[in-house]
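Let me begin by presenting the structure, written as structure tokens, before commenting on it.
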Amino acid sequence: MAKRVTMQQIADAAGVSKFAVSRALTGKPGVSEHTREMIVRTAGQLGYFKAEPKRYLAETPGEQEVNINRQGTILILFPNIRSQNRFSLYWGPIFDGISVRLNEKGMDILTLTEPSSDRMFSVLNPEAISGIITVGSISTSVLLEIYRLNIPLVMVDHEDLAIHGDTVFTDNMKCMKELVLMLVGKGYTRLQFAGQLPDAASFRERWLGYRSVLEEMQLQVSQQADLLGPDLDHIRESIVTMKMEDIPEVIVCANDHMAAVVIGALQSRGIKVPERCAVTGFDNTRTEEPILATVHIDKENLGRRAVDQLLWRMEHPDGPFERKLIYSELIIRDEYNAILP
């Protein structure tokens with residue numbers, strides 16, 4: 001039997017003191033939220049929480065409890081990020097798919113934005129929640145709290161190495177490979193990738209799909225690091241200040257929103273899109289932009305399949321965890337076909 005992970009091992013891996021680890025894992029003050037999140041994630045990745053018994057947290061006296069009907073109530077949890085909410089072009093349809101499927105099943109829905117504190121269930125009665133679907137990037141500390149409570153969980157478009165749970169994703173790598181193979185087949189050889197790689201697991205998978213095609217086709221492309229983040233403003237500024245001779249034939253973007261930012265930066269310099277530099281997206285949310293090609297993600301279907309997976313998990317709590325990949329369709333905009341080399 002493997003030995004339990006110690007706080008000293010966590011401290012060594014995280015590059016912090018044992019005191020900081022102790023404060024972070026016990027929820028005591030003395031460490032910043034950023035450091036606490038990093039320590040919790042490191043502990044989870046080392047397997048610290050695997051041996052910890054799952055349990056229901058004691059209710060905190062004096063705090064108001066939200067009572068939910070035990071029969072069929074599903075919590076939909078959104079991250080505390082402005083761009084990731086039920087009103088966005090990408091996440092909104094996913095929520096709609098979840099909502100429609102749960103209504104079909106006659107199950108109640110509670111929607112919640114990720115609280116700033118990891119004590120989410122201090123105001124919720126965990127025994128009243130049948131299952132949880134997270135939509136987008138939820139913090140490790142909140143996911144660990146769900147895990148400890150043994151509540152069935154499905155994560156949409158997100159995964160965490162510290163958490164063992166079911167996930168539902170677009171088949172990002174395969175779809176991106178098809179897009180890049182199309183570009184190479186049309187004669188493009190000078191490509192660049194633009195996207196916030198630390199931002200989401202899906203973006204990283206799309207980057208890997210892009211890189212794998214370049215390697216398979218033996219295309220020697222030197223990636224400009226500034227186009228990989230860390231944020232939109234940095235990427236936009238990188239394009240605005242890029243030497244004209246460094247502008248590629250096509251910029252492959254992590255999603256359509258990134259493509260719109262890239263197009264705006266190129267056009268601000270008087271560079272014609274897509275004639276001088278083509279731009280591709282991924283998710284088909286910006287149909288009004290001159291995006292050469294994108295991948296149409298059936299977002300409502302992602303939501304529906306997340307519900308189906310959660311219902312299966314509720315009936316099979318001890319079954320192996322699953323990572324579902326859903327194929328999406330490559331779209332080449334007809335009005336730009338004549339511009340392809």
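Residues are named by chain letter and number: chains run A, B, ... in the order of the structure tokens, numbers start at 1 in each chain, and ligands are numbered from 1 in the order shown.
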
Nearby residues (only C-alpha atoms) at most 12 Å from A:Thr241, same-chain spacing under 4 positions excluded, as a JSON list (two decimals) with N, CA and C atoms, in the first residue's frame:
[["chain", "number", "residue", "atom", "x", "y", "z"],
["A", 226, "ASP", "N", 4.96, 35.34, -28.15],
["A", 226, "ASP", "CA", 4.04, 36.38, -27.69],
["A", 226, "ASP", "C", 2.60, 36.12, -28.11],
["A", 227, "LEU", "N", 2.41, 35.27, -29.11],
["A", 227, "LEU", "CA", 1.05, 34.98, -29.57],
["A", 227, "LEU", "C", 0.37, 33.90, -28.72],
["A", 234, "HIS", "N", -2.10, 41.31, -24.53],
["A", 234, "HIS", "CA", -0.71, 41.01, -24.89],
["A", 234, "HIS", "C", -0.63, 40.49, -26.33],
["A", 235, "ILE", "N", -1.56, 39.62, -26.69],
["A", 235, "ILE", "CA", -1.56, 39.05, -28.04],
["A", 235, "ILE", "C", -1.88, 40.13, -29.06],
["A", 236, "ARG", "N", -2.86, 40.97, -28.74],
["A", 236, "ARG", "CA", -3.23, 42.06, -29.65],
["A", 236, "ARG", "C", -2.03, 42.99, -29.88],
["A", 237, "GLU", "N", -1.34, 43.35, -28.82],
["A", 237, "GLU", "CA", -0.18, 44.25, -28.92],
["A", 237, "GLU", "C", 0.95, 43.59, -29.71],
["A", 245, "GLU", "N", 7.48, 41.76, -42.16],
["A", 245, "GLU", "CA", 7.97, 40.53, -42.78],
["A", 245, "GLU", "C", 7.68, 39.29, -41.93],
["A", 246, "ASP", "N", 7.30, 39.50, -40.66],
["A", 246, "ASP", "CA", 6.98, 38.37, -39.79],
["A", 246, "ASP", "C", 5.49, 38.01, -39.82],
["A", 247, "ILE", "N", 4.68, 38.83, -40.49],
["A", 247, "ILE", "CA", 3.26, 38.50, -40.58],
["A", 247, "ILE", "C", 3.11, 37.23, -41.41],
["A", 265, "ALA", "N", -6.60, 43.61, -34.87],
["A", 265, "ALA", "CA", -5.21, 44.09, -34.78],
["A", 265, "ALA", "C", -4.58, 44.18, -36.16],
["A", 266, "LEU", "N", -4.83, 43.20, -37.01],
["A", 266, "LEU", "CA", -4.29, 43.22, -38.37],
["A", 266, "LEU", "C", -4.87, 44.39, -39.18],
["A", 268, "SER", "N", -6.07, 47.13, -38.10],
["A", 268, "SER", "CA", -5.62, 48.42, -37.59],
["A", 268, "SER", "C", -4.30, 48.85, -38.24],
["A", 269, "ARG", "N", -3.59, 47.89, -38.80],
["A", 269, "ARG", "CA", -2.33, 48.17, -39.48],
["A", 269, "ARG", "C", -2.52, 48.27, -41.01]]

query: Hey, what's within 8 Å of stretch 34-48 of chain A if we count only C-alpha atoms and toss same-chain stuff fewer than 4 positions away? As number ranges by chain, please?
result: A: 4-6, 10-11, 13-14, 21, 24-25, 52, 139-141, 161-163

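Residues of stretch 116-235 of chain A assigned to strand (DSSP E or B) by DSSP on this structure's backbone: Leu124, Gly131, Ile132, Ile133, Thr134, Val135, Leu153, Val154, Met155, Val156, Asp166, Thr167, Val168, Phe169, Thr170, Leu191, Gln192, Phe193 and Ala194 of chain A.
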
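For the atom pair formed by atom CA of A:Ile129 and atom CA of A:Thr111, the distance is 11.8 Å, given to one decimal.
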
With 12 Å as the cut-off and only C-alpha atoms counted, what is the closest atom pair between each nearby residue of stretch 123-166 of chain A and stretch 189-200 of chain A? Distances in Å to one decimal, ordered by chain and number, as CSV.
residue,atom,partner,partner_atom,distance
A:Val135,CA,A:Ala200,CA,11.9
A:Gly136,CA,A:Ala200,CA,8.3
A:Ser137,CA,A:Ala200,CA,7.1
A:Ile138,CA,A:Ala200,CA,10.6
A:Val156,CA,A:Ala200,CA,11.4
A:Asp157,CA,A:Ala200,CA,8.1
A:His158,CA,A:Ala200,CA,7.0
A:Glu159,CA,A:Ala200,CA,8.9
A:Asp160,CA,A:Ala200,CA,10.4

query: Expressed in Å to a single decimal, how great is the separation between atom CA of A:Ser83 and atom CA of A:His257?
result: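 Atom-to-atom, atom CA of A:Ser83 and atom CA of A:His257 are spaced 10.7 Å apart.
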
message: Using DSSP assignments from the backbone, pull out every residue in stretch 120-309 of chain A that falls under helix (DSSP H, G or I) and give it to me as a ChimeraX atom specification.
response: /A:120-122,126-128,140-148,172-185,197-199,201-216,225-228,232-240,244-246,256-268,299-309

Print the selection's residues with C-alpha atoms to a file, as a compact mmCIF listing (two decimals), in the first residue's frame.
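And here's result.txt as it stands now:
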# COMPACT_ATOMS: atom_id res chain seq x y z
CA MET A 120 -19.45 26.80 -0.95
CA PHE A 121 -21.47 24.32 1.05
CA SER A 122 -21.59 26.51 4.13
CA PRO A 126 -25.06 19.17 0.27
CA GLU A 127 -27.50 16.39 1.12
CA ALA A 128 -30.11 18.20 -0.97
CA THR A 140 -9.30 23.23 -7.67
CA SER A 141 -10.35 24.02 -4.10
CA VAL A 142 -14.07 24.05 -4.98
CA LEU A 143 -13.76 20.87 -7.03
CA LEU A 144 -12.02 19.16 -4.12
CA GLU A 145 -14.85 20.17 -1.82
CA ILE A 146 -17.33 18.53 -4.20
CA TYR A 147 -15.13 15.42 -4.32
CA ARG A 148 -14.95 15.18 -0.54
CA ASN A 172 -10.43 19.49 -29.92
CA MET A 173 -7.30 17.76 -31.19
CA LYS A 174 -8.96 15.87 -34.04
CA CYS A 175 -10.99 18.87 -35.20
CA MET A 176 -7.99 21.20 -35.10
CA LYS A 177 -5.91 18.67 -37.02
CA GLU A 178 -8.55 18.60 -39.75
CA LEU A 179 -8.54 22.40 -39.94
CA VAL A 180 -4.76 22.66 -40.19
CA LEU A 181 -4.53 19.80 -42.69
CA MET A 182 -7.01 21.71 -44.85
CA LEU A 183 -4.80 24.81 -44.72
CA VAL A 184 -1.66 22.86 -45.56
CA GLY A 185 -3.48 21.07 -48.36
CA LEU A 197 -2.65 28.50 -23.60
CA PRO A 198 -2.83 28.68 -19.80
CA ASP A 199 -6.48 29.70 -20.06
CA ALA A 201 -7.68 22.71 -21.36
CA SER A 202 -9.47 23.00 -24.72
CA PHE A 203 -7.05 25.67 -25.91
CA ARG A 204 -4.08 23.48 -25.03
CA GLU A 205 -5.59 20.55 -26.92
CA ARG A 206 -6.14 22.73 -29.99
CA TRP A 207 -2.53 23.87 -29.78
CA LEU A 208 -1.38 20.25 -29.62
CA GLY A 209 -3.52 19.37 -32.62
CA TYR A 210 -2.00 22.28 -34.55
CA ARG A 211 1.55 21.31 -33.61
CA SER A 212 1.03 17.64 -34.42
CA VAL A 213 0.08 18.44 -38.02
CA LEU A 214 3.15 20.64 -38.49
CA GLU A 215 5.33 17.80 -37.20
CA GLU A 216 3.62 15.16 -39.33
CA ALA A 225 5.85 33.06 -28.17
CA ASP A 226 4.04 36.38 -27.69
CA LEU A 227 1.05 34.98 -29.57
CA LEU A 228 0.52 32.35 -26.85
CA LEU A 232 -5.77 39.07 -25.07
CA ASP A 233 -4.20 42.50 -24.70
CA HIS A 234 -0.71 41.01 -24.89
CA ILE A 235 -1.56 39.05 -28.04
CA ARG A 236 -3.23 42.06 -29.65
CA GLU A 237 -0.18 44.25 -28.92
CA SER A 238 2.15 41.56 -30.30
CA ILE A 239 0.38 41.67 -33.65
CA VAL A 240 0.23 45.47 -33.73
CA MET A 244 5.69 43.27 -41.49
CA GLU A 245 7.97 40.53 -42.78
CA ASP A 246 6.98 38.37 -39.79
CA ASP A 256 -13.51 32.71 -32.77
CA HIS A 257 -13.21 35.43 -30.13
CA MET A 258 -9.43 35.28 -30.41
CA ALA A 259 -9.81 35.37 -34.20
CA ALA A 260 -11.85 38.59 -33.93
CA VAL A 261 -9.14 40.17 -31.76
CA VAL A 262 -6.43 39.13 -34.24
CA ILE A 263 -8.42 40.43 -37.21
CA GLY A 264 -8.94 43.78 -35.48
CA ALA A 265 -5.21 44.09 -34.78
CA LEU A 266 -4.29 43.22 -38.37
CA GLN A 267 -6.82 45.61 -39.87
CA SER A 268 -5.62 48.42 -37.59
CA LYS A 299 -22.81 23.71 -27.77
CA GLU A 300 -26.31 22.68 -26.78
CA ASN A 301 -25.32 19.07 -27.40
CA LEU A 302 -22.36 19.42 -25.03
CA GLY A 303 -24.84 20.43 -22.35
CA ARG A 304 -27.23 17.60 -23.12
CA ARG A 305 -24.47 15.00 -23.10
CA ALA A 306 -23.20 16.35 -19.77
CA VAL A 307 -26.62 15.70 -18.25
CA ASP A 308 -26.73 12.20 -19.74
CA GLN A 309 -23.32 11.45 -18.26

message: Between atom CA of A:Leu77 and atom CA of A:Ala20, what is the distance in Å, rounded to a tenth?
response: 28.7 Å

message: So, with only C-alpha atoms as the atoms that count, which of A:Met107, A:Ile76, A:Gly319, A:Phe282 lies closest to A:Ile94?
response: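 Looking at the shortest contact to A:Ile94, the residue is A:Ile76.
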
Surrounding residues of A:Asn80 excluding itself and chain neighbours under 4 positions, 9 Å, only C-alpha atoms, as a compact mmCIF listing (two decimals) with N, CA, C and O atoms, in the first residue's frame:
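Output file part-v1.txt follows:
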# COMPACT_ATOMS: atom_id res chain seq x y z
N GLN A 84 -17.18 33.79 -18.76
CA GLN A 84 -17.72 32.43 -18.70
C GLN A 84 -19.01 32.45 -17.88
O GLN A 84 -19.00 32.18 -16.68
N ASN A 85 -20.12 32.76 -18.55
CA ASN A 85 -21.40 32.81 -17.88
C ASN A 85 -22.50 32.40 -18.85
O ASN A 85 -22.26 32.17 -20.03
N THR A 113 -22.96 30.84 -9.29
CA THR A 113 -21.63 31.29 -9.69
C THR A 113 -20.65 30.89 -8.60
O THR A 113 -20.94 31.04 -7.41
N GLU A 114 -19.52 30.37 -8.99
CA GLU A 114 -18.49 29.92 -8.05
C GLU A 114 -18.20 30.99 -7.01
O GLU A 114 -17.87 32.13 -7.35
N PRO A 115 -18.36 30.67 -5.74
CA PRO A 115 -18.10 31.67 -4.69
C PRO A 115 -16.62 31.97 -4.56
O PRO A 115 -15.76 31.17 -4.95
N SER A 116 -16.30 33.15 -4.02
CA SER A 116 -14.89 33.51 -3.83
C SER A 116 -14.25 32.66 -2.75
O SER A 116 -13.04 32.43 -2.76
N SER A 137 -14.04 26.77 -16.24
CA SER A 137 -12.90 26.57 -15.35
C SER A 137 -13.24 26.87 -13.90
O SER A 137 -13.31 28.04 -13.51
N ILE A 138 -13.45 25.83 -13.12
CA ILE A 138 -13.73 25.96 -11.68
C ILE A 138 -12.44 25.71 -10.90
O ILE A 138 -11.63 24.87 -11.28
